[in-house]
$ cat structure-v5.txt   # compact mmCIF, C-alpha atoms and all ligand atoms
# COMPACT_ATOMS: atom_id res chain seq x y z
CA MET A 8 0.00 0.00 0.00
CA THR A 9 1.24 3.53 -0.75
CA ARG A 10 2.03 5.95 2.10
CA PHE A 11 -0.52 8.32 3.63
CA GLU A 12 0.92 11.41 1.87
CA THR A 13 0.75 9.66 -1.50
CA ARG A 14 -2.81 8.47 -0.96
CA ALA A 15 -3.83 12.01 0.06
CA VAL A 16 -2.75 13.24 -3.37
CA HIS A 17 -4.01 10.40 -5.60
CA ALA A 18 -6.81 8.52 -3.83
CA GLY A 19 -10.24 8.82 -5.40
CA GLU A 20 -9.00 10.41 -8.60
CA ARG A 21 -9.10 9.05 -12.15
CA ARG A 22 -11.65 6.37 -11.29
CA ALA A 23 -12.99 6.03 -14.82
CA ARG A 24 -9.52 5.22 -16.12
CA LYS A 25 -8.92 2.69 -13.36
CA ASN A 26 -12.25 1.00 -14.01
CA GLY A 27 -11.37 0.64 -17.69
CA GLU A 28 -14.31 2.82 -18.69
CA SER A 29 -14.17 5.34 -21.48
CA PRO A 30 -12.32 8.12 -19.63
CA ASN A 31 -14.21 10.99 -21.22
CA GLY A 32 -17.60 9.32 -21.32
CA GLY A 33 -17.30 8.44 -25.01
CA GLY A 34 -17.50 12.08 -26.05
CA PRO A 35 -15.48 13.73 -28.79
CA GLY A 36 -11.71 13.21 -28.72
CA LYS A 37 -11.30 9.80 -27.12
CA GLY A 38 -8.07 8.79 -25.44
CA PHE A 39 -7.70 11.49 -22.79
CA TYR A 40 -8.92 11.70 -19.25
CA PRO A 41 -9.12 14.46 -16.64
CA VAL A 42 -6.33 14.31 -14.05
CA SER A 43 -8.53 16.09 -11.50
CA THR A 44 -12.04 14.65 -11.15
CA PRO A 45 -14.45 17.13 -12.77
CA VAL A 46 -17.37 18.69 -10.91
CA TYR A 47 -20.32 16.67 -12.21
CA LEU A 48 -23.05 19.28 -12.09
CA SER A 49 -25.83 16.99 -13.17
CA THR A 50 -28.94 15.94 -11.29
CA THR A 51 -29.43 12.78 -13.32
CA PHE A 52 -27.22 10.34 -15.21
CA SER A 53 -28.48 8.63 -18.33
CA HIS A 54 -27.35 5.33 -19.85
CA GLU A 55 -27.15 4.01 -23.41
CA GLU A 56 -29.91 1.53 -22.59
CA ILE A 57 -32.78 1.67 -20.10
CA GLU A 58 -31.84 -1.86 -18.97
CA GLN A 59 -28.63 -0.43 -17.53
CA THR A 60 -30.59 2.31 -15.74
CA ASP A 61 -32.74 -0.45 -14.30
CA ARG A 62 -29.67 -2.38 -13.09
CA VAL A 63 -28.07 0.74 -11.57
CA LEU A 64 -31.28 1.77 -9.79
CA GLY A 65 -31.70 -1.79 -8.57
CA GLY A 66 -28.18 -1.84 -7.15
CA GLU A 67 -27.15 -4.79 -9.38
CA GLU A 68 -24.54 -2.68 -11.16
CA PRO A 69 -22.43 0.17 -9.81
CA GLY A 70 -23.13 3.50 -11.44
CA TYR A 71 -25.01 6.75 -11.15
CA SER A 72 -28.63 7.57 -11.81
CA TYR A 73 -29.81 10.38 -9.54
CA ALA A 74 -27.62 12.85 -7.65
CA ARG A 75 -29.11 12.19 -4.20
CA TYR A 76 -28.11 8.53 -4.61
CA GLY A 77 -24.59 9.30 -5.76
CA ASN A 78 -22.44 11.62 -7.82
CA PRO A 79 -18.98 10.84 -9.29
CA THR A 80 -17.33 13.91 -7.71
CA VAL A 81 -18.78 13.04 -4.31
CA THR A 82 -17.61 9.42 -4.73
CA ALA A 83 -14.08 10.64 -5.51
CA PHE A 84 -14.02 12.56 -2.20
CA GLU A 85 -15.50 9.61 -0.31
CA ASP A 86 -12.98 7.16 -1.76
CA ALA A 87 -10.12 9.51 -0.87
CA VAL A 88 -11.25 9.83 2.76
CA ALA A 89 -11.82 6.05 3.05
CA ALA A 90 -8.31 5.45 1.70
CA LEU A 91 -6.87 7.81 4.32
CA GLU A 92 -8.95 6.53 7.24
CA CYS A 93 -8.27 2.86 6.75
CA GLY A 94 -6.40 2.30 3.50
CA GLY A 95 -9.04 -0.27 2.66
CA GLU A 96 -8.93 -1.93 6.11
CA PRO A 97 -11.01 -3.02 7.92
CA GLU A 98 -12.45 -4.93 5.04
CA GLY A 99 -15.21 -3.14 3.23
CA ALA A 100 -15.11 0.20 5.11
CA ARG A 101 -16.75 2.92 3.06
CA ALA A 102 -17.06 6.67 3.42
CA PHE A 103 -20.36 8.56 3.06
CA ALA A 104 -20.27 12.31 2.52
CA PHE A 105 -22.91 14.61 3.97
CA ALA A 106 -23.82 18.27 3.68
CA SER A 107 -22.34 19.09 7.11
CA GLY A 108 -20.58 17.54 10.06
CA MET A 109 -23.84 17.61 12.02
CA ALA A 110 -25.69 15.73 9.23
CA ALA A 111 -22.85 13.18 9.29
CA MET A 112 -23.11 12.80 13.09
CA HIS A 113 -26.90 12.43 12.87
CA ALA A 114 -26.46 9.66 10.29
CA ALA A 115 -23.79 7.90 12.36
CA LEU A 116 -26.00 7.93 15.46
CA SER A 117 -28.98 6.70 13.43
CA ALA A 118 -26.89 3.93 11.83
CA ALA A 119 -26.06 2.74 15.35
CA GLU A 120 -29.81 2.09 15.66
CA LEU A 121 -30.34 4.63 18.36
CA GLY A 122 -33.64 5.56 16.78
CA SER A 123 -35.29 2.45 18.15
CA GLY A 124 -34.73 3.46 21.76
CA GLY A 125 -31.91 2.28 23.94
CA THR A 126 -29.21 4.27 25.62
CA VAL A 127 -26.27 6.27 24.38
CA LEU A 128 -23.25 7.11 26.49
CA ALA A 129 -21.61 10.33 25.36
CA ALA A 130 -18.40 12.05 26.38
CA GLU A 131 -19.22 15.13 28.44
CA GLN A 132 -16.45 16.86 26.46
CA LEU A 133 -18.46 16.57 23.18
CA TYR A 134 -18.92 19.52 20.82
CA GLY A 135 -21.91 21.48 22.15
CA SER A 136 -24.16 20.91 19.12
CA THR A 137 -23.54 17.15 19.19
CA ALA A 138 -24.58 17.05 22.85
CA THR A 139 -27.66 19.13 22.00
CA LEU A 140 -28.46 16.88 19.00
CA LEU A 141 -28.36 13.87 21.29
CA VAL A 142 -30.57 15.42 23.94
CA GLN A 143 -33.04 17.35 21.77
CA VAL A 144 -33.42 15.05 18.75
CA PHE A 145 -32.56 11.54 19.93
CA GLY A 146 -33.64 12.18 23.52
CA THR A 147 -37.07 13.38 22.38
CA ALA A 148 -37.38 10.23 20.25
CA GLY A 149 -37.00 8.06 23.34
CA VAL A 150 -33.24 7.51 23.47
CA GLU A 151 -31.78 7.79 26.94
CA VAL A 152 -28.72 10.03 26.82
CA ARG A 153 -26.07 9.74 29.53
CA PHE A 154 -22.79 11.60 29.81
CA VAL A 155 -19.44 10.55 31.24
CA ASP A 156 -15.92 11.93 31.49
CA ALA A 157 -14.47 9.98 28.54
CA CYS A 158 -10.93 10.48 29.85
CA ASP A 159 -11.77 8.62 33.05
CA LEU A 160 -11.66 5.01 31.85
CA ASP A 161 -12.86 3.59 35.17
CA ALA A 162 -15.93 5.84 35.02
CA VAL A 163 -16.59 4.76 31.41
CA ARG A 164 -16.21 1.08 32.30
CA LYS A 165 -18.60 1.48 35.23
CA LYS A 166 -21.24 3.37 33.21
CA VAL A 167 -21.02 0.92 30.31
CA SER A 168 -21.61 -2.10 32.54
CA GLU A 169 -24.40 -0.23 34.36
CA ILE A 170 -26.42 0.91 31.35
CA SER A 171 -25.24 -1.32 28.42
CA PRO A 172 -25.36 1.55 25.94
CA ARG A 173 -26.13 0.83 22.31
CA ALA A 174 -23.49 3.42 21.36
CA VAL A 175 -20.65 5.33 22.97
CA VAL A 176 -19.70 8.67 21.41
CA VAL A 177 -16.35 10.39 21.94
CA GLU A 178 -14.05 12.84 20.15
CA THR A 179 -10.39 12.09 19.37
CA ILE A 180 -9.36 15.43 20.81
CA SER A 181 -11.98 17.47 22.62
CA ASN A 182 -12.95 21.10 22.43
CA PRO A 183 -11.79 23.45 23.93
CA LEU A 184 -9.51 21.83 26.55
CA LEU A 185 -7.95 19.41 24.06
CA ARG A 186 -8.52 16.32 26.16
CA VAL A 187 -7.36 13.19 24.31
CA ALA A 188 -9.53 10.05 24.26
CA ASP A 189 -7.75 6.74 24.75
CA VAL A 190 -9.47 5.20 21.72
CA PRO A 191 -7.83 1.73 21.92
CA ALA A 192 -8.87 1.37 25.58
CA LEU A 193 -12.38 2.68 24.86
CA ALA A 194 -12.69 0.24 21.94
CA GLU A 195 -11.82 -2.64 24.24
CA ILE A 196 -14.55 -1.58 26.69
CA THR A 197 -17.22 -1.12 24.00
CA LYS A 198 -16.32 -4.38 22.17
CA GLU A 199 -16.72 -6.35 25.37
CA ALA A 200 -20.13 -4.75 25.98
CA GLY A 201 -21.32 -5.11 22.36
CA SER A 202 -21.71 -1.31 22.01
CA THR A 203 -20.93 0.71 18.92
CA LEU A 204 -18.00 3.09 19.37
CA ILE A 205 -18.48 6.31 17.38
CA VAL A 206 -15.44 8.60 17.21
CA ASP A 207 -15.72 12.18 16.01
CA ALA A 208 -12.21 12.53 14.59
CA THR A 209 -12.59 16.14 13.40
CA PHE A 210 -9.76 17.51 15.58
CA GLY A 211 -7.44 14.56 15.07
CA THR A 212 -7.87 13.84 11.35
CA PRO A 213 -6.59 10.55 9.92
CA TYR A 214 -3.13 12.13 9.83
CA LEU A 215 -2.88 11.92 13.63
CA GLN A 216 -5.06 8.89 14.29
CA ARG A 217 -7.16 6.35 12.40
CA PRO A 218 -9.76 5.18 14.96
CA LEU A 219 -11.10 2.29 12.82
CA GLU A 220 -7.64 0.69 12.94
CA LEU A 221 -7.76 1.04 16.74
CA GLY A 222 -11.08 -0.77 17.11
CA ALA A 223 -13.69 2.00 16.70
CA ASP A 224 -16.78 1.13 14.66
CA ILE A 225 -17.75 4.46 13.07
CA VAL A 226 -15.67 7.58 12.38
CA VAL A 227 -17.27 10.98 11.83
CA HIS A 228 -15.69 14.20 10.59
CA SER A 229 -16.81 17.72 10.15
CA ALA A 230 -14.98 18.00 6.80
CA THR A 231 -15.65 21.73 7.09
CA LYS A 232 -12.49 21.79 9.21
CA TYR A 233 -9.09 20.11 8.63
CA LEU A 234 -10.06 17.69 5.86
CA SER A 235 -10.95 20.50 3.46
CA GLY A 236 -8.81 23.00 5.35
CA HIS A 237 -9.46 26.31 3.61
CA GLY A 238 -12.57 27.62 5.35
CA ASP A 239 -14.59 27.73 2.16
CA LEU A 240 -17.21 24.99 2.50
CA THR A 241 -19.46 23.01 4.84
CA ALA A 242 -19.27 19.21 4.69
CA GLY A 243 -19.29 16.06 6.80
CA ILE A 244 -18.25 12.48 6.28
CA VAL A 245 -18.80 9.14 8.01
CA VAL A 246 -16.49 6.14 7.55
CA ALA A 247 -17.66 2.68 8.58
CA GLY A 248 -17.67 -0.95 7.58
CA ALA A 249 -20.28 -3.64 8.09
CA PRO A 250 -22.79 -3.74 9.70
CA TYR A 251 -23.23 0.05 9.45
CA ASP A 252 -22.51 0.84 5.79
CA GLY A 253 -25.88 -0.38 4.47
CA ALA A 254 -27.76 1.80 6.95
CA LEU A 255 -25.59 4.82 6.14
CA ASP A 256 -26.21 4.38 2.42
CA SER A 257 -29.98 4.18 2.98
CA LEU A 258 -30.03 7.08 5.42
CA ARG A 259 -28.26 9.33 2.97
CA LYS A 260 -30.69 8.45 0.20
CA LEU A 261 -33.78 8.74 2.36
CA VAL A 262 -32.97 11.67 4.63
CA GLY A 263 -31.17 13.41 1.79
CA GLY A 264 -28.39 15.29 3.55
CA THR A 265 -26.15 14.56 0.57
CA LEU A 266 -23.05 16.62 -0.12
CA GLY A 267 -23.18 18.70 -3.29
CA PRO A 268 -20.64 18.07 -6.07
CA PHE A 269 -18.97 21.48 -5.89
CA GLU A 270 -18.32 21.18 -2.16
CA ALA A 271 -17.05 17.63 -2.75
CA TRP A 272 -14.63 18.90 -5.37
CA LEU A 273 -13.32 21.65 -3.09
CA ALA A 274 -12.99 19.20 -0.20
CA LEU A 275 -11.11 16.70 -2.39
CA ARG A 276 -8.73 19.44 -3.49
CA GLY A 277 -8.15 20.51 0.10
CA LEU A 278 -7.57 16.95 1.26
CA LYS A 279 -4.48 16.62 -0.94
CA THR A 280 -2.52 18.96 1.32
CA LEU A 281 -3.83 17.57 4.63
CA PRO A 282 -0.45 16.05 5.63
CA LEU A 283 1.44 19.27 4.82
CA ARG A 284 -1.07 21.47 6.60
CA MET A 285 -1.36 19.25 9.67
CA GLU A 286 2.39 19.00 10.02
CA ARG A 287 2.73 22.81 10.08
CA GLN A 288 -0.38 23.38 12.21
CA CYS A 289 0.76 20.91 14.88
CA GLU A 290 4.25 22.42 14.85
CA ASN A 291 2.79 25.94 15.16
CA ALA A 292 0.46 24.90 18.01
CA GLY A 293 3.34 23.36 19.98
CA GLU A 294 5.53 26.43 19.44
CA VAL A 295 2.79 28.96 20.31
CA ALA A 296 1.63 26.93 23.35
CA GLY A 297 5.17 26.91 24.76
CA ARG A 298 5.57 30.65 24.28
CA LEU A 299 2.14 31.54 25.69
CA ALA A 300 2.81 29.40 28.77
CA ALA A 301 5.71 31.71 29.63
CA HIS A 302 3.69 34.94 29.17
CA PRO A 303 2.78 36.88 32.36
CA ARG A 304 -0.70 37.84 31.07
CA VAL A 305 -1.59 34.20 30.39
CA GLY A 306 -2.85 31.73 32.99
CA SER A 307 -3.08 28.04 32.12
CA VAL A 308 -2.38 26.84 28.56
CA ASN A 309 -3.95 23.66 27.15
CA HIS A 310 -2.11 21.68 24.50
CA PRO A 311 -1.28 17.96 24.64
CA SER A 312 2.37 18.70 23.79
CA LEU A 313 2.81 20.39 27.19
CA LYS A 314 4.01 18.11 29.98
CA ALA A 315 1.43 19.68 32.33
CA HIS A 316 -1.48 18.63 30.07
CA PRO A 317 -3.46 15.80 31.75
CA ASP A 318 -3.36 13.68 28.57
CA HIS A 319 0.25 14.34 27.56
CA GLU A 320 1.16 10.64 27.89
CA VAL A 321 -2.06 9.35 26.29
CA ALA A 322 -1.51 11.69 23.34
CA ARG A 323 2.02 10.35 22.82
CA ARG A 324 0.63 6.82 22.76
CA VAL A 325 -2.51 7.22 20.61
CA LEU A 326 -1.76 10.18 18.33
CA SER A 327 1.10 10.81 15.95
CA GLY A 328 1.16 14.54 16.79
CA SER A 329 -0.36 16.87 19.37
CA GLY A 330 -2.97 18.61 17.19
CA GLY A 331 -3.30 22.07 15.74
CA LEU A 332 -5.48 23.67 18.44
CA LEU A 333 -4.66 25.14 21.81
CA SER A 334 -6.58 27.07 24.40
CA PHE A 335 -5.51 29.34 27.22
CA GLU A 336 -6.93 31.40 30.05
CA LEU A 337 -6.16 35.08 30.21
CA ALA A 338 -4.68 36.07 33.55
CA VAL A 339 -7.41 38.20 35.19
CA GLU A 340 -7.57 39.86 38.60
CA ASP A 341 -9.94 38.49 41.24
CA GLY A 342 -13.41 39.87 40.49
CA GLU A 343 -12.43 41.03 36.99
CA ASP A 344 -14.95 40.24 34.24
CA GLY A 345 -13.37 37.34 32.29
CA ARG A 346 -15.70 37.71 29.32
CA ALA A 347 -14.91 41.42 28.96
CA ALA A 348 -11.17 40.66 29.08
CA ALA A 349 -11.60 37.92 26.46
CA PHE A 350 -13.55 40.28 24.18
CA ARG A 351 -10.90 43.02 24.59
CA PHE A 352 -8.18 40.51 23.70
CA LEU A 353 -10.03 39.18 20.64
CA ASN A 354 -10.81 42.71 19.41
CA ALA A 355 -7.11 43.60 19.67
CA LEU A 356 -5.98 40.79 17.31
CA GLU A 357 -4.74 42.00 13.96
CA LEU A 358 -3.48 38.93 12.11
CA CYS A 359 -5.40 36.08 13.76
CA VAL A 360 -9.00 36.00 12.59
CA THR A 361 -11.82 35.90 15.12
CA ALA A 362 -14.18 33.35 13.56
CA PRO A 363 -16.05 30.36 15.02
CA SER A 364 -14.39 27.50 13.17
CA LEU A 365 -11.09 25.61 13.15
CA GLY A 366 -8.70 23.66 10.97
CA ASP A 367 -8.27 26.41 8.38
CA ILE A 368 -5.02 27.60 6.85
CA TYR A 369 -5.68 30.90 8.70
CA THR A 370 -5.13 31.11 12.45
CA LEU A 371 -8.57 31.49 14.03
CA ALA A 372 -9.37 32.58 17.57
CA ILE A 373 -12.67 32.27 19.43
CA HIS A 374 -14.28 32.70 22.82
CA PRO A 375 -15.70 29.18 23.48
CA ALA A 376 -18.17 30.30 26.18
CA THR A 377 -20.07 32.43 23.65
CA SER A 378 -19.51 30.29 20.54
CA SER A 379 -18.86 26.51 20.55
CA HIS A 380 -20.27 26.11 24.08
CA ARG A 381 -22.89 28.84 23.94
CA GLU A 382 -25.78 26.35 24.04
CA LEU A 383 -24.67 24.91 27.40
CA SER A 384 -25.82 26.31 30.73
CA PRO A 385 -23.26 28.48 32.61
CA SER A 386 -22.99 25.81 35.33
CA ARG A 387 -22.29 23.03 32.79
CA ARG A 388 -19.67 25.24 31.10
CA LYS A 389 -18.01 25.85 34.43
CA ARG A 390 -18.00 22.14 35.25
CA LEU A 391 -16.33 21.42 31.90
CA GLY A 392 -13.69 24.07 32.52
CA VAL A 393 -14.99 26.43 29.82
CA GLU A 394 -14.28 29.60 31.78
CA GLU A 395 -15.25 33.10 30.65
CA ASN A 396 -11.56 34.07 30.25
CA LEU A 397 -10.79 31.05 28.03
CA ILE A 398 -9.61 31.63 24.44
CA ARG A 399 -9.28 28.89 21.81
CA VAL A 400 -6.82 29.24 18.96
CA SER A 401 -6.80 27.05 15.84
CA LEU A 402 -3.37 27.43 14.33
CA GLY A 403 -3.06 28.06 10.61
CA ILE A 404 -0.06 27.59 8.36
CA GLU A 405 1.45 31.07 8.84
CA HIS A 406 4.91 31.49 10.38
CA ALA A 407 4.65 30.81 14.13
CA ASP A 408 6.64 33.98 14.94
CA ASP A 409 4.00 36.18 13.29
CA VAL A 410 1.19 34.45 15.16
CA VAL A 411 3.03 34.82 18.49
CA ALA A 412 3.73 38.49 17.74
CA ASP A 413 0.03 39.12 17.11
CA LEU A 414 -1.09 37.28 20.25
CA GLU A 415 1.52 39.15 22.32
CA GLN A 416 0.53 42.59 21.04
CA ALA A 417 -3.14 41.77 21.78
CA LEU A 418 -2.19 40.64 25.31
CA GLU A 419 -0.37 43.96 25.83
CA ARG A 420 -3.28 46.05 24.50
CA MET A 421 -6.25 44.20 26.01
C1 LIG B 501 -15.85 18.32 16.75
C2 LIG B 501 -16.94 18.81 15.85
N1 LIG B 501 -17.81 17.92 15.35
C3 LIG B 501 -18.80 18.32 14.53
C4 LIG B 501 -18.97 19.64 14.19
C5 LIG B 501 -20.10 20.05 13.29
O1 LIG B 501 -19.62 20.27 12.01
P1 LIG B 501 -20.36 21.19 10.92
O2 LIG B 501 -20.27 22.59 11.41
O3 LIG B 501 -19.59 20.91 9.66
O4 LIG B 501 -21.76 20.71 10.84
C6 LIG B 501 -18.08 20.59 14.67
C7 LIG B 501 -18.24 22.01 14.33
O5 LIG B 501 -17.55 22.87 14.81
C8 LIG B 501 -17.03 20.16 15.54
O6 LIG B 501 -16.17 21.03 16.06

$ encode --input "structure-v5.txt" --output "structure tokens" --more "lines below"
Ligand SMILES: Cc1ncc(COP(=O)(O)O)c(C=O)c1O
Amino acid sequence: MTRFETRAVHAGERRARKNGESPNGGGPGKGFYPVSTPVYLSTTFSHEEIEQTDRVLGGEEPGYSYARYGNPTVTAFEDAVAALECGGEPEGARAFAFASGMAAMHAALSAAELGSGGTVLAAEQLYGSTATLLVQVFGTAGVEVRFVDACDLDAVRKKVSEISPRAVVVETISNPLLRVADVPALAEITKEAGSTLIVDATFGTPYLQRPLELGADIVVHSATKYLSGHGDLTAGIVVAGAPYDGALDSLRKLVGGTLGPFEAWLALRGLKTLPLRMERQCENAGEVAGRLAAHPRVGSVNHPSLKAHPDHEVARRVLSGSGGLLSFELAVEDGEDGRAAAFRFLNALELCVTAPSLGDIYTLAIHPATSSHRELSPSRRKRLGVEENLIRVSLGIEHADDVVADLEQALERM
């Protein structure tokens, strides 16, 4: 098998040529083929004979008929992500692209058969909207939703044996404190209990960890973030093998949260540089975290590369890098308004962009309490350590010195 970097560049592309089909669809000027998969802006796909349409619609022959069921550009992106997540292993794992990370998570949870009742055990560190999706959508439909500190393996073990959850949901690296899940250990616990382990790998990406190879059952990404990497689209993707792939295929067709071909094309283009971007972003995060930790106007700094981080050792064992995000608390006086200090700091940034996303080539900074964790109650935020003076930074691919200079000038002026 080729290396990760090579697959990132080539996987999914030039399918028609590989399949021995006419590379340009039999049109004028045979004998050439597009190196980059074109954007197939077509709602329907016709065949020479209606019998073939019948076979394609009946699933007896691979092919395309109607865009909600499949589109060649979307397939190219899906094949590329599947090749990066598992390189074809475990046997039969497929990727399914969706219109957003949330649509992908909804499909993953539904594929785990949560819809028919049962219990789900979720990491209390989950992205706020995923927690809300579980409670408001699945909870209302009769699913019992329980939360646990996913970094406390004894607590997970205890809860799993107590409630026998149908699914356990965790994130590779959590937001905004960058806690690292011990996916191999969690997979052992869920396998023993017969539960489905769903890993949201948005922060980790397959460059740092491939959860399916570590025993997880379903991997979910907001491809809006690192996979596409340029902050110019919204997309999600689920990767899973049997017994979940059939359900995911049906869910996408029936619920219809399909990714559009243009977004798929942009995402596929972005994916080619994932290894290069991640390498620089992780390096930048480590460098900036170290320099912020020494700054007098900064309190605690969270990044798994720091020895003081609670998951420093776990990260070294289960990830092949420390991730491109960090968070830190501004040093505030007793009684000082942390939110006001955070807003002053963010308003003073000149290079770093204040925008509620992550994984872009640009360095982005946010105030988690009023963005990613806005939907949670103040007491829940406090319990999770999402303080009012907490800032999250998603490192881009700029020079680390320029990012540090901007953060330092904002700390001076805030
Ligand atoms: C970890 C994580 N999962 C899922 C999502 C949802 O993704 P999207 O915004 O693409 O729907 C996000 C969004 O920030 C996220 O951070």

$ closest_atom_pairs --input "structure-v5.txt" --of "chain A" --to "ligand LIG 501 (chain B)" --cutoff "7 Å" --atoms "all atoms listed in the file" --output "CSV"
residue,atom,partner,partner_atom,distance
A:Ser107,CA,B:LIG501,O4,4.1
A:Gly108,CA,B:LIG501,O4,3.5
A:Met109,CA,B:LIG501,O4,3.9
A:Ala110,CA,B:LIG501,O4,6.5
A:Tyr134,CA,B:LIG501,C1,5.2
A:Thr137,CA,B:LIG501,C3,6.7
A:Glu178,CA,B:LIG501,C1,6.7
A:Asn182,CA,B:LIG501,C1,7.0
A:Asp207,CA,B:LIG501,N1,6.1
A:Thr209,CA,B:LIG501,C1,5.2
A:Phe210,CA,B:LIG501,C1,6.3
A:His228,CA,B:LIG501,N1,6.4
A:Ser229,CA,B:LIG501,O1,4.2
A:Ala230,CA,B:LIG501,O3,6.2
A:Thr231,CA,B:LIG501,O3,4.8
A:Thr241,CA,B:LIG501,O3,5.3
A:Ala242,CA,B:LIG501,O3,5.3
A:Gly243,CA,B:LIG501,O3,5.6
A:Ser364,CA,B:LIG501,O5,5.8
A:Ser379,CA,B:LIG501,O5,6.9

$ closest_residue --input "structure-v5.txt" --among "A:Leu240, A:Gly66, A:Ser378, A:Leu365" --to "Gly267 (chain A)" --atoms "only C-alpha atoms"
A:Leu240

$ atom_distance --input "structure-v5.txt" --atom1 "CA of Ala104 (chain A)" --atom2 "CA of Gly70 (chain A)"
16.8 Å

$ atom_distance --input "structure-v5.txt" --atom1 "CA of Val46 (chain A)" --atom2 "CA of Arg22 (chain A)"
13.6 Å

$ atom_distance --input "structure-v5.txt" --atom1 "CA of Tyr76 (chain A)" --atom2 "CA of Lys260 (chain A)"
5.5 Å

$ closest_residue --input "structure-v5.txt" --among "A:Ala157, A:Ala119, A:Ser329, A:Trp272" --to "Val226 (chain A)" --atoms "all atoms listed in the file"
A:Ala119

$ residues_around --input "structure-v5.txt" --residues "Gly99 (chain A)" --least-positions-apart "6" --cutoff "9 Å" --atoms "all atoms listed in the file" --output "PyMOL selection string"
chain A and resi 247-249+252

$ residues_around --input "structure-v5.txt" --residues "region 282-289 of chain A" --least-positions-apart "3" --cutoff "6 Å" --atoms "all atoms listed in the file" --output "PyMOL selection string"
chain A and resi 292+330-331+402-404

$ closest_residue --input "structure-v5.txt" --among "A:Asp224, A:Glu12, A:Glu169, A:Glu131" --to "Arg186 (chain A)" --atoms "all atoms listed in the file"
A:Glu131

$ decode --input "structure-v5.txt" --residues "region 148-162 of chain A" --atoms "N, CA and C atoms" --output "CSV table (one decimal), in the first residue's frame"
chain,number,residue,atom,x,y,z
A,148,ALA,N,-36.9,11.4,20.9
A,148,ALA,CA,-37.4,10.2,20.3
A,148,ALA,C,-37.3,9.0,21.1
A,149,GLY,N,-37.0,9.2,22.4
A,149,GLY,CA,-37.0,8.1,23.3
A,149,GLY,C,-35.6,7.5,23.7
A,150,VAL,N,-34.6,8.0,23.1
A,150,VAL,CA,-33.2,7.5,23.5
A,150,VAL,C,-32.8,8.1,24.8
A,151,GLU,N,-32.3,7.3,25.7
A,151,GLU,CA,-31.8,7.8,26.9
A,151,GLU,C,-30.3,8.2,26.7
A,152,VAL,N,-30.1,9.5,27.1
A,152,VAL,CA,-28.7,10.0,26.8
A,152,VAL,C,-28.0,10.2,28.1
A,153,ARG,N,-26.8,9.6,28.3
A,153,ARG,CA,-26.1,9.7,29.5
A,153,ARG,C,-24.7,10.3,29.2
A,154,PHE,N,-24.1,11.0,30.1
A,154,PHE,CA,-22.8,11.6,29.8
A,154,PHE,C,-21.8,11.1,30.8
A,155,VAL,N,-20.5,11.0,30.4
A,155,VAL,CA,-19.4,10.5,31.2
A,155,VAL,C,-18.2,11.3,30.9
A,156,ASP,N,-17.2,11.4,31.8
A,156,ASP,CA,-15.9,11.9,31.5
A,156,ASP,C,-15.2,10.8,30.7
A,157,ALA,N,-15.0,11.0,29.4
A,157,ALA,CA,-14.5,10.0,28.5
A,157,ALA,C,-13.0,9.8,28.8
A,158,CYS,N,-12.4,10.7,29.5
A,158,CYS,CA,-10.9,10.5,29.9
A,158,CYS,C,-10.7,9.7,31.1
A,159,ASP,N,-11.8,9.4,31.8
A,159,ASP,CA,-11.8,8.6,33.1
A,159,ASP,C,-12.3,7.2,32.7
A,160,LEU,N,-11.3,6.3,32.4
A,160,LEU,CA,-11.7,5.0,31.9
A,160,LEU,C,-12.4,4.2,32.9
A,161,ASP,N,-12.1,4.4,34.1
A,161,ASP,CA,-12.9,3.6,35.2
A,161,ASP,C,-14.3,4.0,35.2
A,162,ALA,N,-14.5,5.3,35.1
A,162,ALA,CA,-15.9,5.8,35.0
A,162,ALA,C,-16.6,5.3,33.8
